[in-house]
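A.B. asks: Provided below: upload.pdb, containing PDB, C-alpha atoms, pLDDT in the B column.
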ATOM      1  CA  MET A  15      34.991  75.965  68.746  1.00 69.00           C
ATOM      2  CA  PHE A  16      32.024  73.931  67.473  1.00 71.00           C
ATOM      3  CA  ASN A  17      32.808  74.945  63.877  1.00 76.00           C
ATOM      4  CA  SER A  18      36.428  73.823  64.311  1.00 76.00           C
ATOM      5  CA  ILE A  19      35.322  70.411  65.549  1.00 77.00           C
ATOM      6  CA  LYS A  20      32.774  70.168  62.765  1.00 74.00           C
ATOM      7  CA  LYS A  21      35.400  71.034  60.121  1.00 77.00           C
ATOM      8  CA  LEU A  22      37.883  68.544  61.563  1.00 70.00           C
ATOM      9  CA  THR A  23      35.245  65.816  61.677  1.00 73.00           C
ATOM     10  CA  TYR A  24      34.242  66.562  58.085  1.00 74.00           C
ATOM     11  CA  LYS A  25      37.877  66.558  56.959  1.00 74.00           C
ATOM     12  CA  LEU A  26      38.605  63.253  58.706  1.00 70.00           C
ATOM     13  CA  TYR A  27      35.455  61.597  57.380  1.00 70.00           C
ATOM     14  CA  ASN A  28      36.306  62.658  53.841  1.00 77.00           C
ATOM     15  CA  ASN A  29      39.630  60.858  54.116  1.00 80.00           C
ATOM     16  CA  ASN A  30      39.284  57.468  52.432  1.00 83.00           C
ATOM     17  CA  ILE A  31      41.808  55.791  54.722  1.00 85.00           C
ATOM     18  CA  ILE A  32      40.192  57.144  57.896  1.00 88.00           C
ATOM     19  CA  ARG A  33      36.785  55.844  56.754  1.00 88.00           C
ATOM     20  CA  TYR A  34      38.325  52.481  55.889  1.00 89.00           C
ATOM     21  CA  VAL A  35      39.969  52.207  59.301  1.00 88.00           C
ATOM     22  CA  LEU A  36      36.741  53.203  61.057  1.00 90.00           C
ATOM     23  CA  PHE A  37      34.549  50.747  59.163  1.00 91.00           C
ATOM     24  CA  GLY A  38      37.348  48.176  59.169  1.00 85.00           C
ATOM     25  CA  ALA A  39      37.351  48.393  62.957  1.00 88.00           C
ATOM     26  CA  LEU A  40      33.589  47.810  62.965  1.00 93.00           C
ATOM     27  CA  THR A  41      34.040  44.841  60.612  1.00 90.00           C
ATOM     28  CA  THR A  42      36.761  43.450  62.858  1.00 87.00           C
ATOM     29  CA  PHE A  43      34.442  43.943  65.833  1.00 94.00           C
ATOM     30  CA  VAL A  44      31.702  41.958  64.044  1.00 95.00           C
ATOM     31  CA  ASN A  45      34.249  39.240  63.244  1.00 92.00           C
ATOM     32  CA  LEU A  46      35.742  39.001  66.740  1.00 92.00           C
ATOM     33  CA  ILE A  47      32.480  39.249  68.698  1.00 96.00           C
ATOM     34  CA  THR A  48      30.822  36.632  66.492  1.00 96.00           C
ATOM     35  CA  TYR A  49      33.877  34.404  66.911  1.00 93.00           C
ATOM     36  CA  LEU A  50      33.982  34.945  70.663  1.00 95.00           C
ATOM     37  CA  ILE A  51      30.330  33.959  71.023  1.00 96.00           C
ATOM     38  CA  LEU A  52      30.398  31.001  68.619  1.00 97.00           C
ATOM     39  CA  ARG A  53      33.588  29.424  69.986  1.00 94.00           C
ATOM     40  CA  LYS A  54      31.730  28.773  73.249  1.00 94.00           C
ATOM     41  CA  PHE A  55      29.314  26.482  71.411  1.00 95.00           C
ATOM     42  CA  ILE A  56      31.211  25.007  68.455  1.00 95.00           C
ATOM     43  CA  ASN A  57      34.758  24.110  67.394  1.00 93.00           C
ATOM     44  CA  PHE A  58      36.890  27.239  67.025  1.00 87.00           C
ATOM     45  CA  ASN A  59      37.752  26.477  63.386  1.00 89.00           C
ATOM     46  CA  ILE A  60      34.065  26.372  62.454  1.00 94.00           C
ATOM     47  CA  ALA A  61      33.418  29.473  64.579  1.00 94.00           C
ATOM     48  CA  ASN A  62      36.294  31.185  62.787  1.00 88.00           C
ATOM     49  CA  PHE A  63      34.852  30.363  59.356  1.00 89.00           C
ATOM     50  CA  ILE A  64      31.343  31.580  60.247  1.00 94.00           C
ATOM     51  CA  SER A  65      32.642  34.785  61.833  1.00 93.00           C
ATOM     52  CA  ILE A  66      34.707  35.568  58.732  1.00 85.00           C
ATOM     53  CA  VAL A  67      31.737  35.028  56.391  1.00 88.00           C
ATOM     54  CA  LEU A  68      29.515  37.331  58.471  1.00 92.00           C
ATOM     55  CA  ALA A  69      32.245  39.965  58.597  1.00 90.00           C
ATOM     56  CA  ILE A  70      32.675  39.798  54.806  1.00 87.00           C
ATOM     57  CA  CYS A  71      28.958  40.437  54.262  1.00 89.00           C
ATOM     58  CA  PHE A  72      29.015  43.375  56.665  1.00 95.00           C
ATOM     59  CA  ALA A  73      32.207  44.710  55.061  1.00 92.00           C
ATOM     60  CA  TYR A  74      30.738  44.726  51.557  1.00 93.00           C
ATOM     61  CA  VAL A  75      27.786  46.829  52.640  1.00 92.00           C
ATOM     62  CA  VAL A  76      29.825  49.449  54.502  1.00 94.00           C
ATOM     63  CA  ASN A  77      32.725  49.526  52.031  1.00 93.00           C
ATOM     64  CA  SER A  78      30.559  49.909  48.961  1.00 93.00           C
ATOM     65  CA  ARG A  79      28.321  52.523  50.544  1.00 91.00           C
ATOM     66  CA  PHE A  80      30.455  54.542  52.968  1.00 90.00           C
ATOM     67  CA  VAL A  81      34.156  53.912  52.371  1.00 89.00           C
ATOM     68  CA  PHE A  82      34.695  53.718  48.633  1.00 90.00           C
ATOM     69  CA  LYS A  83      31.306  55.210  47.677  1.00 88.00           C
ATOM     70  CA  SER A  84      30.590  52.804  44.866  1.00 91.00           C
ATOM     71  CA  THR A  85      29.566  54.283  41.547  1.00 89.00           C
ATOM     72  CA  ALA A  86      27.968  51.037  40.337  1.00 90.00           C
ATOM     73  CA  LYS A  87      24.587  51.931  38.896  1.00 89.00           C
ATOM     74  CA  THR A  88      23.240  48.824  37.229  1.00 93.00           C
ATOM     75  CA  ILE A  89      22.596  45.407  38.693  1.00 94.00           C
ATOM     76  CA  ARG A  90      25.313  44.030  36.427  1.00 94.00           C
ATOM     77  CA  GLU A  91      27.869  46.592  37.683  1.00 92.00           C
ATOM     78  CA  ARG A  92      26.877  45.928  41.307  1.00 91.00           C
ATOM     79  CA  ALA A  93      27.095  42.152  40.792  1.00 92.00           C
ATOM     80  CA  ASN A  94      30.516  42.480  39.146  1.00 93.00           C
ATOM     81  CA  GLU A  95      31.723  44.629  42.039  1.00 93.00           C
ATOM     82  CA  PHE A  96      30.269  42.208  44.599  1.00 93.00           C
ATOM     83  CA  PHE A  97      31.947  39.185  43.002  1.00 94.00           C
ATOM     84  CA  LYS A  98      35.313  40.973  42.871  1.00 95.00           C
ATOM     85  CA  PHE A  99      34.844  41.913  46.532  1.00 95.00           C
ATOM     86  CA  ILE A 100      34.012  38.315  47.455  1.00 93.00           C
ATOM     87  CA  ALA A 101      37.005  36.979  45.481  1.00 94.00           C
ATOM     88  CA  ALA A 102      39.336  39.410  47.230  1.00 94.00           C
ATOM     89  CA  ARG A 103      37.862  38.578  50.638  1.00 87.00           C
ATOM     90  CA  ILE A 104      38.046  34.839  49.994  1.00 89.00           C
ATOM     91  CA  SER A 105      41.767  35.322  49.392  1.00 92.00           C
ATOM     92  CA  THR A 106      42.220  37.071  52.716  1.00 90.00           C
ATOM     93  CA  MET A 107      39.819  34.655  54.420  1.00 85.00           C
ATOM     94  CA  ILE A 108      42.113  31.799  53.391  1.00 92.00           C
ATOM     95  CA  ILE A 109      45.085  33.676  54.829  1.00 92.00           C
ATOM     96  CA  GLU A 110      43.175  34.332  58.057  1.00 88.00           C
ATOM     97  CA  PHE A 111      41.820  30.808  58.354  1.00 90.00           C
ATOM     98  CA  LEU A 112      45.227  29.232  57.725  1.00 93.00           C
ATOM     99  CA  GLY A 113      46.913  31.648  60.125  1.00 93.00           C
ATOM    100  CA  VAL A 114      44.568  30.736  62.964  1.00 91.00           C
ATOM    101  CA  PHE A 115      44.675  27.045  62.070  1.00 92.00           C
ATOM    102  CA  ILE A 116      48.473  26.859  61.906  1.00 95.00           C
ATOM    103  CA  PHE A 117      49.288  29.004  64.923  1.00 94.00           C
ATOM    104  CA  ALA A 118      46.414  27.957  67.212  1.00 92.00           C
ATOM    105  CA  ASP A 119      45.508  24.422  66.196  1.00 90.00           C
ATOM    106  CA  ILE A 120      48.903  23.066  65.149  1.00 94.00           C
ATOM    107  CA  LEU A 121      51.371  25.177  67.148  1.00 95.00           C
ATOM    108  CA  GLY A 122      49.122  25.633  70.194  1.00 93.00           C
ATOM    109  CA  PHE A 123      49.172  29.427  70.547  1.00 94.00           C
ATOM    110  CA  ASN A 124      46.185  31.177  72.129  1.00 94.00           C
ATOM    111  CA  ASP A 125      43.501  31.321  69.441  1.00 90.00           C
ATOM    112  CA  MET A 126      42.159  34.779  70.400  1.00 88.00           C
ATOM    113  CA  ILE A 127      45.618  36.375  70.337  1.00 92.00           C
ATOM    114  CA  ILE A 128      46.378  34.802  66.952  1.00 92.00           C
ATOM    115  CA  LYS A 129      42.961  35.799  65.612  1.00 86.00           C
ATOM    116  CA  MET A 130      43.585  39.442  66.552  1.00 87.00           C
ATOM    117  CA  ALA A 131      47.137  39.451  65.168  1.00 90.00           C
ATOM    118  CA  VAL A 132      46.057  38.043  61.826  1.00 91.00           C
ATOM    119  CA  GLN A 133      43.373  40.749  61.609  1.00 82.00           C
ATOM    120  CA  PHE A 134      46.039  43.423  61.083  1.00 85.00           C
ATOM    121  CA  VAL A 135      47.482  41.642  58.046  1.00 89.00           C
ATOM    122  CA  VAL A 136      44.006  41.024  56.659  1.00 86.00           C
ATOM    123  CA  LEU A 137      42.978  44.664  57.193  1.00 82.00           C
ATOM    124  CA  ILE A 138      45.887  45.956  55.102  1.00 89.00           C
ATOM    125  CA  LEU A 139      45.391  43.412  52.313  1.00 91.00           C
ATOM    126  CA  ASN A 140      41.658  44.090  52.176  1.00 88.00           C
ATOM    127  CA  TYR A 141      42.246  47.831  51.761  1.00 89.00           C
ATOM    128  CA  VAL A 142      44.712  47.298  48.937  1.00 92.00           C
ATOM    129  CA  PHE A 143      42.416  44.865  47.111  1.00 93.00           C
ATOM    130  CA  SER A 144      39.363  47.106  47.574  1.00 92.00           C
ATOM    131  CA  LYS A 145      41.119  50.289  46.503  1.00 90.00           C
ATOM    132  CA  LEU A 146      42.995  48.876  43.509  1.00 91.00           C
ATOM    133  CA  ILE A 147      40.649  46.163  42.230  1.00 92.00           C
ATOM    134  CA  VAL A 148      37.106  46.135  43.594  1.00 93.00           C
ATOM    135  CA  PHE A 149      36.053  49.779  43.872  1.00 91.00           C
ATOM    136  CA  LYS A 150      38.546  51.144  41.352  1.00 82.00           C
ATOM    137  CA  LYS A 151      37.132  54.274  39.761  1.00 75.00           C
ATOM    138  CA  PRO A 152      36.802  54.069  35.955  1.00 66.00           C
TER     139      PRO A 152
END
Show this structure as structure tokens.
C.D. replies:
Amino acid sequence: MFNSIKKLTYKLYNNNIIRYVLFGALTTFVNLITYLILRKFINFNIANFISIVLAICFAYVVNSRFVFKSTAKTIRERANEFFKFIAARISTMIIEFLGVFIFADILGFNDMIIKMAVQFVVLILNYVFSKLIVFKKP
């Protein structure tokens, strides 16, 4: 029984998409919890921006190390990878920021519901960008 669970766990962890979803969920958690805390003290648009930046930093670390298992060896390779990651995440950050701004600030929807809904779109786009551009194997 224990060996079966161990094999299943190993098989699931070796699946790139499963790892991305797991660490993506943790990144989303960092984003949402930071946002939830900050919005009590500052404007929700500023809280949104800060929470996204913190989540991007966290995401780079876990994606490069655990999800896509970066093969960058030199500082130059790592810097190139990091800048591609940041460029991709800035693209999705703009989509997320505008989504929350338009639907919460302009249209008056609940900001937390919109924030969570936009996360699904961002999650998919981030995977595609990371897989095909940032951590693309040579």
A.B. asks: Per residue of segment 26-94 of chain A within 10 Å of segment 141-148 of chain A, note the shortest atom pair and the distance in Å to one decimal, counting all atoms listed in the file, and order the rows by chain and increasing residue number, as a Markdown table.
C.D. replies:
| residue | atom | partner | partner_atom | distance |
| --- | --- | --- | --- | --- |
| A:Asn30 | CA | A:Lys145 | CA | 9.5 |
| A:Ile31 | CA | A:Tyr141 | CA | 8.5 |
| A:Tyr34 | CA | A:Tyr141 | CA | 7.4 |
| A:Val35 | CA | A:Tyr141 | CA | 9.0 |
| A:Gly38 | CA | A:Tyr141 | CA | 8.9 |
| A:Tyr74 | CA | A:Ser144 | CA | 9.8 |
| A:Asn77 | CA | A:Ser144 | CA | 8.4 |
| A:Ser78 | CA | A:Val148 | CA | 9.3 |
| A:Val81 | CA | A:Lys145 | CA | 9.8 |
| A:Phe82 | CA | A:Lys145 | CA | 7.6 |
| A:Ser84 | CA | A:Val148 | CA | 9.4 |
| A:Asn94 | CA | A:Val148 | CA | 8.8 |
A.B. asks: Please expand the PyMOL selection byres ((chain A and resi 55-62) around 9) into the concrete residues it hits in this file, giving the result as a VMD selection string.
C.D. replies: chain A and resid 45 to 46 48 to 54 63 to 67 110 to 111 114 to 115 119 125 129
A.B. asks: What is the distance, in Å and to one decimal place, between atom CA of Glu95 of chain A and atom CA of Tyr27 of chain A?
C.D. replies: 23.2 Å
A.B. asks: Atom CA of Ile128 of chain A and atom CA of Asn140 of chain A, how far apart in Å?
C.D. replies: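 Atom-to-atom, atom CA of Asn140 of chain A and atom CA of Ile128 of chain A are spaced 18.1 Å apart.
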A.B. asks: Under the rule that only C-alpha atoms are counted, which of A:Asn28, A:Val132, A:Glu91, A:Thr41 is the nearest residue to Ile116 of chain A?
C.D. replies: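 Checking each candidate against Ile116 of chain A, we get A:Val132 as the closest.
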A.B. asks: What is the distance, in Å and to one decimal place, between atom CA of Ala131 of chain A and atom CA of Arg33 of chain A?
C.D. replies: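 Calculated distance between atom CA of Ala131 of chain A and atom CA of Arg33 of chain A is 21.1 Å.
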A.B. asks: Nearest to Thr42 of chain A among A:Phe96, A:Phe134, A:Phe123, A:Tyr24, with distances taken over all atoms listed in the file: which residue is it?
C.D. replies: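 Checking each candidate against Thr42 of chain A, we get A:Phe134 as the closest.
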A.B. asks: Can you work out which one of A:Leu36, A:Leu22, A:Leu121, A:Met107 has the shortest atom-to-atom distance to Gln133 of chain A, counting all atoms listed in the file?
C.D. replies: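 When distances to Gln133 of chain A are compared using all atoms listed in the file, the smallest one comes from A:Met107.
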A.B. asks: Could you give me, as a list in words, the residues within 8 Å of Thr85 of chain A, counting all atoms listed in the file and dropping anything in the same chain fewer than 2 positions from it?
C.D. replies: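 Non-adjacent residues within range: Lys83, Lys87 and Lys151 of chain A.
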A.B. asks: Just to be explicit: take each residue in the selection above, keep C-alpha atoms, and write the result as a PDB file, in the coordinates of the input.
C.D. replies:
ATOM      1  CA  LYS A  83      31.306  55.210  47.677  1.00 88.00           C
ATOM      2  CA  LYS A  87      24.587  51.931  38.896  1.00 89.00           C
ATOM      3  CA  LYS A 151      37.132  54.274  39.761  1.00 75.00           C
TER       4      LYS A 151
END
